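With TSV, N, CA and C atoms and all ligand atoms inside, this is input-v1.tsv:
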chain	number	residue	atom	x	y	z
Q	186	MET	N	73.68	104.00	124.50
Q	186	MET	CA	74.92	104.45	123.82
Q	186	MET	C	75.56	105.62	124.57
Q	187	LYS	N	74.74	106.53	125.03
Q	187	LYS	CA	75.28	107.66	125.80
Q	187	LYS	C	75.90	107.19	127.11
Q	188	PHE	N	75.26	106.16	127.68
Q	188	PHE	CA	75.74	105.61	128.94
Q	188	PHE	C	77.14	105.03	128.76
Q	189	LEU	N	77.35	104.30	127.66
Q	189	LEU	CA	78.66	103.71	127.38
Q	189	LEU	C	79.72	104.80	127.20
Q	190	LEU	N	79.34	105.88	126.52
Q	190	LEU	CA	80.27	106.99	126.33
Q	190	LEU	C	80.65	107.61	127.67
Q	191	PHE	N	79.65	107.70	128.54
Q	191	PHE	CA	79.87	108.26	129.87
Q	191	PHE	C	80.86	107.40	130.66
Q	192	ILE	N	80.64	106.07	130.57
Q	192	ILE	CA	81.55	105.14	131.27
Q	192	ILE	C	82.97	105.26	130.71
Q	193	GLY	N	83.04	105.33	129.39
Q	193	GLY	CA	84.35	105.46	128.75
Q	193	GLY	C	85.04	106.75	129.15
Q	194	PHE	N	84.25	107.81	129.27
Q	194	PHE	CA	84.78	109.11	129.66
Q	194	PHE	C	85.32	109.06	131.09
Q	195	LEU	N	84.56	108.43	131.96
Q	195	LEU	CA	84.99	108.30	133.36
Q	195	LEU	C	86.27	107.49	133.48
Q	196	SER	N	86.32	106.35	132.75
Q	196	SER	CA	87.51	105.50	132.84
Q	196	SER	C	88.72	106.20	132.23
Q	197	ALA	N	88.49	107.04	131.23
Q	197	ALA	CA	89.59	107.80	130.63
Q	197	ALA	C	90.15	108.79	131.63
Q	198	ILE	N	89.28	109.45	132.36
Q	198	ILE	CA	89.71	110.40	133.39
Q	198	ILE	C	90.48	109.67	134.48
Q	199	TYR	N	89.93	108.53	134.90
Q	199	TYR	CA	90.56	107.74	135.94
Q	199	TYR	C	91.95	107.28	135.49
Q	200	PHE	N	92.02	106.84	134.23
Q	200	PHE	CA	93.29	106.36	133.69
Q	200	PHE	C	94.32	107.49	133.64
Q	201	LEU	N	93.88	108.65	133.20
Q	201	LEU	CA	94.78	109.81	133.11
Q	201	LEU	C	95.29	110.20	134.49
Q	202	PHE	N	94.38	110.19	135.46
Q	202	PHE	CA	94.74	110.56	136.82
Q	202	PHE	C	95.74	109.56	137.40
Q	203	PHE	N	95.45	108.27	137.16
Q	203	PHE	CA	96.29	107.21	137.67
Q	203	PHE	C	97.68	107.28	137.02
Q	204	LYS	N	97.68	107.54	135.72
Q	204	LYS	CA	98.93	107.62	134.98
Q	204	LYS	C	99.77	108.81	135.47
Q	205	LYS	N	99.09	109.93	135.67
Q	205	LYS	CA	99.76	111.14	136.13
Q	205	LYS	C	100.41	110.90	137.49
Q	206	LYS	N	99.66	110.19	138.35
Q	206	LYS	CA	100.14	109.89	139.68
Q	206	LYS	C	101.39	109.02	139.64
Q	207	SER	N	101.36	107.99	138.75
Q	207	SER	CA	102.48	107.06	138.69
Q	207	SER	C	103.70	107.69	138.03
Q	208	LEU	N	103.46	108.76	137.26
Q	208	LEU	CA	104.57	109.43	136.57
Q	208	LEU	C	105.32	110.38	137.49
Q	209	THR	N	104.75	110.65	138.66
Q	209	THR	CA	105.43	111.54	139.60
Q	209	THR	C	106.79	110.96	139.97
Q	210	PRO	N	107.85	111.68	139.78
Q	210	PRO	CA	109.18	111.14	140.06
Q	210	PRO	C	109.37	110.85	141.53
Q	211	PRO	N	110.07	109.81	141.85
Q	211	PRO	CA	110.31	109.47	143.26
Q	211	PRO	C	111.11	110.55	143.95
Q	212	THR	N	110.73	110.85	145.18
Q	212	THR	CA	111.38	111.95	145.89
Q	212	THR	C	112.35	111.44	146.94
Q	213	SER	N	112.66	110.15	146.89
Q	213	SER	CA	113.50	109.57	147.93
Q	213	SER	C	114.90	110.20	147.95
Q	214	ASP	N	115.46	110.43	146.77
Q	214	ASP	CA	116.81	111.01	146.71
Q	214	ASP	C	116.82	112.40	147.32
Q	215	HIS	N	115.77	113.16	146.95
Q	215	HIS	CA	115.71	114.54	147.43
Q	215	HIS	C	115.53	114.59	148.95
Q	216	SER	N	114.64	113.73	149.47
Q	216	SER	CA	114.37	113.75	150.90
Q	216	SER	C	115.60	113.28	151.68
Q	217	GLN	N	116.36	112.39	151.09
Q	217	GLN	CA	117.57	111.91	151.76
Q	217	GLN	C	118.59	113.04	151.86
Q	218	GLU	N	118.61	113.86	150.83
Q	218	GLU	CA	119.53	115.00	150.82
Q	218	GLU	C	119.17	116.02	151.90
Q	219	GLU	N	117.85	116.13	152.17
Q	219	GLU	CA	117.37	117.10	153.14
Q	219	GLU	C	117.33	116.53	154.55
Q	220	ALA	N	117.69	115.27	154.70
Q	220	ALA	CA	117.54	114.59	155.98
Q	220	ALA	C	118.42	115.22	157.05
Q	221	MET	N	117.89	115.24	158.26
Q	221	MET	CA	118.65	115.77	159.39
Q	221	MET	C	119.22	114.59	160.16
Q	222	ILE	N	120.51	114.68	160.49
Q	222	ILE	CA	121.13	113.62	161.29
Q	222	ILE	C	121.88	114.26	162.45
Q	223	PRO	N	122.00	113.54	163.56
Q	223	PRO	CA	122.68	114.09	164.73
Q	223	PRO	C	124.20	114.03	164.58
Q	224	CYS	N	124.85	115.05	165.08
Q	224	CYS	CA	126.31	115.08	165.13
Q	224	CYS	C	126.79	113.95	166.04
Q	225	ALA	N	127.85	113.25	165.63
Q	225	ALA	CA	128.35	112.11	166.41
Q	225	ALA	C	128.95	112.56	167.74
Q	226	LYS	N	129.30	113.83	167.85
Q	226	LYS	CA	129.94	114.28	169.09
Q	226	LYS	C	128.98	115.04	170.01
Q	227	CYS	N	128.34	116.11	169.46
Q	227	CYS	CA	127.52	116.95	170.33
Q	227	CYS	C	126.02	116.67	170.19
Q	228	GLY	N	125.62	115.90	169.19
Q	228	GLY	CA	124.21	115.53	169.05
Q	228	GLY	C	123.35	116.55	168.35
Q	229	THR	N	123.94	117.64	167.88
Q	229	THR	CA	123.18	118.66	167.17
Q	229	THR	C	122.72	118.12	165.81
Q	230	TYR	N	121.43	118.31	165.51
Q	230	TYR	CA	120.92	117.84	164.23
Q	230	TYR	C	121.28	118.81	163.12
Q	231	VAL	N	121.90	118.30	162.07
Q	231	VAL	CA	122.30	119.11	160.93
Q	231	VAL	C	121.94	118.38	159.63
Q	232	GLN	N	121.79	119.14	158.55
Q	232	GLN	CA	121.51	118.54	157.26
Q	232	GLN	C	122.76	117.80	156.78
Q	233	ILE	N	122.50	116.64	156.15
Q	233	ILE	CA	123.60	115.78	155.72
Q	233	ILE	C	124.59	116.53	154.83
Q	234	LYS	N	124.05	117.38	153.94
Q	234	LYS	CA	124.95	118.07	153.01
Q	234	LYS	C	125.81	119.13	153.69
Q	235	GLU	N	125.47	119.46	154.96
Q	235	GLU	CA	126.27	120.46	155.68
Q	235	GLU	C	127.16	119.83	156.75
Q	236	THR	N	127.20	118.50	156.74
Q	236	THR	CA	127.99	117.82	157.77
Q	236	THR	C	129.41	117.55	157.30
Q	237	PHE	N	130.27	117.25	158.25
Q	237	PHE	CA	131.62	116.79	157.97
Q	237	PHE	C	131.65	115.31	158.33
Q	238	MET	N	132.18	114.49	157.42
Q	238	MET	CA	132.14	113.05	157.65
Q	238	MET	C	133.55	112.50	157.84
Q	239	ARG	N	133.68	111.64	158.85
Q	239	ARG	CA	134.95	110.97	159.06
Q	239	ARG	C	134.71	109.60	159.68
Q	240	ASP	N	135.33	108.58	159.16
Q	240	ASP	CA	135.21	107.21	159.66
Q	240	ASP	C	133.75	106.76	159.73
Q	241	GLY	N	132.94	107.20	158.75
Q	241	GLY	CA	131.55	106.79	158.68
Q	241	GLY	C	130.64	107.52	159.65
Q	242	LYS	N	131.15	108.52	160.36
Q	242	LYS	CA	130.33	109.30	161.29
Q	242	LYS	C	130.22	110.74	160.80
Q	243	TYR	N	129.08	111.34	161.15
Q	243	TYR	CA	128.82	112.71	160.72
Q	243	TYR	C	129.04	113.69	161.87
Q	244	TYR	N	129.66	114.80	161.56
Q	244	TYR	CA	129.90	115.83	162.56
Q	244	TYR	C	129.34	117.16	162.07
Q	245	CYS	N	128.88	118.02	163.00
Q	245	CYS	CA	128.22	119.25	162.63
Q	245	CYS	C	129.21	120.33	162.25
Q	246	SER	N	130.43	120.24	162.77
Q	246	SER	CA	131.41	121.31	162.53
Q	246	SER	C	132.82	120.74	162.59
Q	247	ARG	N	133.77	121.56	162.20
Q	247	ARG	CA	135.17	121.13	162.25
Q	247	ARG	C	135.63	120.92	163.70
Q	248	GLU	N	135.05	121.70	164.61
Q	248	GLU	CA	135.39	121.54	166.02
Q	248	GLU	C	135.03	120.13	166.51
Q	249	CYS	N	133.82	119.69	166.15
Q	249	CYS	CA	133.37	118.36	166.56
Q	249	CYS	C	134.16	117.27	165.81
Q	250	LEU	N	134.56	117.60	164.60
Q	250	LEU	CA	135.33	116.65	163.80
Q	250	LEU	C	136.70	116.40	164.44
Q	251	GLY	N	137.17	117.42	165.17
Q	251	GLY	CA	138.45	117.28	165.86
Q	251	GLY	C	139.63	117.67	165.00
Q	252	VAL	N	139.38	118.49	163.98
Q	252	VAL	CA	140.48	118.94	163.12
Q	252	VAL	C	141.14	120.18	163.71
U	301	ZN	ZN	128.75	118.66	166.79
Could you write out this structure as structure tokens?
Amino acid sequence: MKFLLFIGFLSAIYFLFFKKKSLTPPTSDHSQEEAMIPCAKCGTYVQIKETFMRDGKYYCSRECLGV
């Protein structure tokens, strides 16, 4: 009887751990936001959120954008 309780206890821990792991929110959106991409003109790597975009290309600065 004690052995069965022990097994049940172990599986409960395993289940909790597994559940906790699967509940971790996906980080794909966040990592995409932090992604570094090369400037279409000078090749400097910059974060996507700090780039200037035109015609589907990313530029590191207004100078490279040609404005
Ligand atoms: Zn540039």
Given a cut-off of 8 Å, what residues near ligand ZN 301 (chain U) show up using only N, CA and C atoms and all ligand atoms, put as a compact mmCIF listing (two decimals) with N, CA and C atoms, keeping the file's coordinate frame?
# COMPACT_ATOMS: atom_id res chain seq x y z
N PRO Q 223 122.00 113.54 163.56
CA PRO Q 223 122.68 114.09 164.73
C PRO Q 223 124.20 114.03 164.58
N CYS Q 224 124.85 115.05 165.08
CA CYS Q 224 126.31 115.08 165.13
C CYS Q 224 126.79 113.95 166.04
N ALA Q 225 127.85 113.25 165.63
CA ALA Q 225 128.35 112.11 166.41
C ALA Q 225 128.95 112.56 167.74
N LYS Q 226 129.30 113.83 167.85
CA LYS Q 226 129.94 114.28 169.09
C LYS Q 226 128.98 115.04 170.01
N CYS Q 227 128.34 116.11 169.46
CA CYS Q 227 127.52 116.95 170.33
C CYS Q 227 126.02 116.67 170.19
N GLY Q 228 125.62 115.90 169.19
CA GLY Q 228 124.21 115.53 169.05
C GLY Q 228 123.35 116.55 168.35
N THR Q 229 123.94 117.64 167.88
CA THR Q 229 123.18 118.66 167.17
C THR Q 229 122.72 118.12 165.81
N TYR Q 230 121.43 118.31 165.51
CA TYR Q 230 120.92 117.84 164.23
C TYR Q 230 121.28 118.81 163.12
N TYR Q 243 129.08 111.34 161.15
CA TYR Q 243 128.82 112.71 160.72
C TYR Q 243 129.04 113.69 161.87
N TYR Q 244 129.66 114.80 161.56
CA TYR Q 244 129.90 115.83 162.56
C TYR Q 244 129.34 117.16 162.07
N CYS Q 245 128.88 118.02 163.00
CA CYS Q 245 128.22 119.25 162.63
C CYS Q 245 129.21 120.33 162.25
N SER Q 246 130.43 120.24 162.77
CA SER Q 246 131.41 121.31 162.53
C SER Q 246 132.82 120.74 162.59
N ARG Q 247 133.77 121.56 162.20
CA ARG Q 247 135.17 121.13 162.25
C ARG Q 247 135.63 120.92 163.70
N GLU Q 248 135.05 121.70 164.61
CA GLU Q 248 135.39 121.54 166.02
C GLU Q 248 135.03 120.13 166.51
N CYS Q 249 133.82 119.69 166.15
CA CYS Q 249 133.37 118.36 166.56
C CYS Q 249 134.16 117.27 165.81
N LEU Q 250 134.56 117.60 164.60
CA LEU Q 250 135.33 116.65 163.80
C LEU Q 250 136.70 116.40 164.44
What separates atom CA of Gly241 of chain Q and atom CA of Glu219 of chain Q is a distance of 18.4 Å
Atom C of Glu235 of chain Q to atom N of Gly251 of chain Q measures 13.3 Å
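Take atom C of Val252 of chain Q and atom CA of Met238 of chain Q: the distance between them is 13.0 Å.
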Could you model all heavy atoms for segment 224-235 of chain Q and present them as a compact mmCIF listing (two decimals), in the frame of the given file?
# COMPACT_ATOMS: atom_id res chain seq x y z
N CYS Q 224 124.85 115.05 165.08
CA CYS Q 224 126.31 115.08 165.13
C CYS Q 224 126.79 113.95 166.04
O CYS Q 224 126.21 113.72 167.10
CB CYS Q 224 126.75 116.43 165.65
SG CYS Q 224 128.52 116.53 166.04
N ALA Q 225 127.85 113.25 165.63
CA ALA Q 225 128.35 112.11 166.41
C ALA Q 225 128.95 112.56 167.74
O ALA Q 225 129.08 111.76 168.66
CB ALA Q 225 129.37 111.34 165.59
N LYS Q 226 129.30 113.83 167.85
CA LYS Q 226 129.94 114.28 169.09
C LYS Q 226 128.98 115.04 170.01
O LYS Q 226 128.82 114.71 171.17
CB LYS Q 226 131.14 115.16 168.76
CG LYS Q 226 131.96 115.47 170.01
CD LYS Q 226 133.24 116.20 169.64
CE LYS Q 226 134.10 116.42 170.90
NZ LYS Q 226 135.30 117.20 170.61
N CYS Q 227 128.34 116.11 169.46
CA CYS Q 227 127.52 116.95 170.33
C CYS Q 227 126.02 116.67 170.19
O CYS Q 227 125.24 117.15 170.99
CB CYS Q 227 127.81 118.42 170.06
SG CYS Q 227 127.22 119.01 168.47
N GLY Q 228 125.62 115.90 169.19
CA GLY Q 228 124.21 115.53 169.05
C GLY Q 228 123.35 116.55 168.35
O GLY Q 228 122.14 116.36 168.22
N THR Q 229 123.94 117.64 167.88
CA THR Q 229 123.18 118.66 167.17
C THR Q 229 122.72 118.12 165.81
O THR Q 229 123.52 117.54 165.08
CB THR Q 229 124.04 119.92 166.94
OG1 THR Q 229 124.51 120.40 168.19
CG2 THR Q 229 123.22 121.01 166.24
N TYR Q 230 121.43 118.31 165.51
CA TYR Q 230 120.92 117.84 164.23
C TYR Q 230 121.28 118.81 163.12
O TYR Q 230 121.03 120.01 163.23
CB TYR Q 230 119.40 117.66 164.29
CG TYR Q 230 119.02 116.31 164.87
CD1 TYR Q 230 119.03 116.11 166.24
CD2 TYR Q 230 118.69 115.26 164.03
CE1 TYR Q 230 118.71 114.87 166.78
CE2 TYR Q 230 118.36 114.02 164.55
CZ TYR Q 230 118.37 113.83 165.92
OH TYR Q 230 118.06 112.61 166.43
N VAL Q 231 121.90 118.30 162.07
CA VAL Q 231 122.30 119.11 160.93
C VAL Q 231 121.94 118.38 159.63
O VAL Q 231 121.80 117.16 159.62
CB VAL Q 231 123.82 119.38 160.94
CG1 VAL Q 231 124.16 120.52 161.88
CG2 VAL Q 231 124.60 118.14 161.29
N GLN Q 232 121.79 119.14 158.55
CA GLN Q 232 121.51 118.54 157.26
C GLN Q 232 122.76 117.80 156.78
O GLN Q 232 123.88 118.26 156.95
CB GLN Q 232 121.12 119.61 156.24
CG GLN Q 232 119.74 120.20 156.51
CD GLN Q 232 119.25 121.04 155.34
OE1 GLN Q 232 119.94 121.20 154.35
NE2 GLN Q 232 118.06 121.58 155.47
N ILE Q 233 122.50 116.64 156.15
CA ILE Q 233 123.60 115.78 155.72
C ILE Q 233 124.59 116.53 154.83
O ILE Q 233 125.80 116.38 154.97
CB ILE Q 233 123.03 114.54 154.98
CG1 ILE Q 233 122.48 113.54 156.01
CG2 ILE Q 233 124.11 113.87 154.13
CD1 ILE Q 233 121.92 112.28 155.41
N LYS Q 234 124.05 117.38 153.94
CA LYS Q 234 124.95 118.07 153.01
C LYS Q 234 125.81 119.13 153.69
O LYS Q 234 126.76 119.63 153.11
CB LYS Q 234 124.14 118.70 151.87
CG LYS Q 234 123.10 119.70 152.32
CD LYS Q 234 122.26 120.15 151.13
CE LYS Q 234 121.12 121.06 151.59
NZ LYS Q 234 120.21 121.40 150.49
N GLU Q 235 125.47 119.46 154.96
CA GLU Q 235 126.27 120.46 155.68
C GLU Q 235 127.16 119.83 156.75
O GLU Q 235 127.76 120.51 157.56
CB GLU Q 235 125.33 121.49 156.33
CG GLU Q 235 124.65 122.37 155.31
CD GLU Q 235 123.62 123.29 155.95
OE1 GLU Q 235 123.55 123.35 157.18
OE2 GLU Q 235 122.90 123.96 155.20
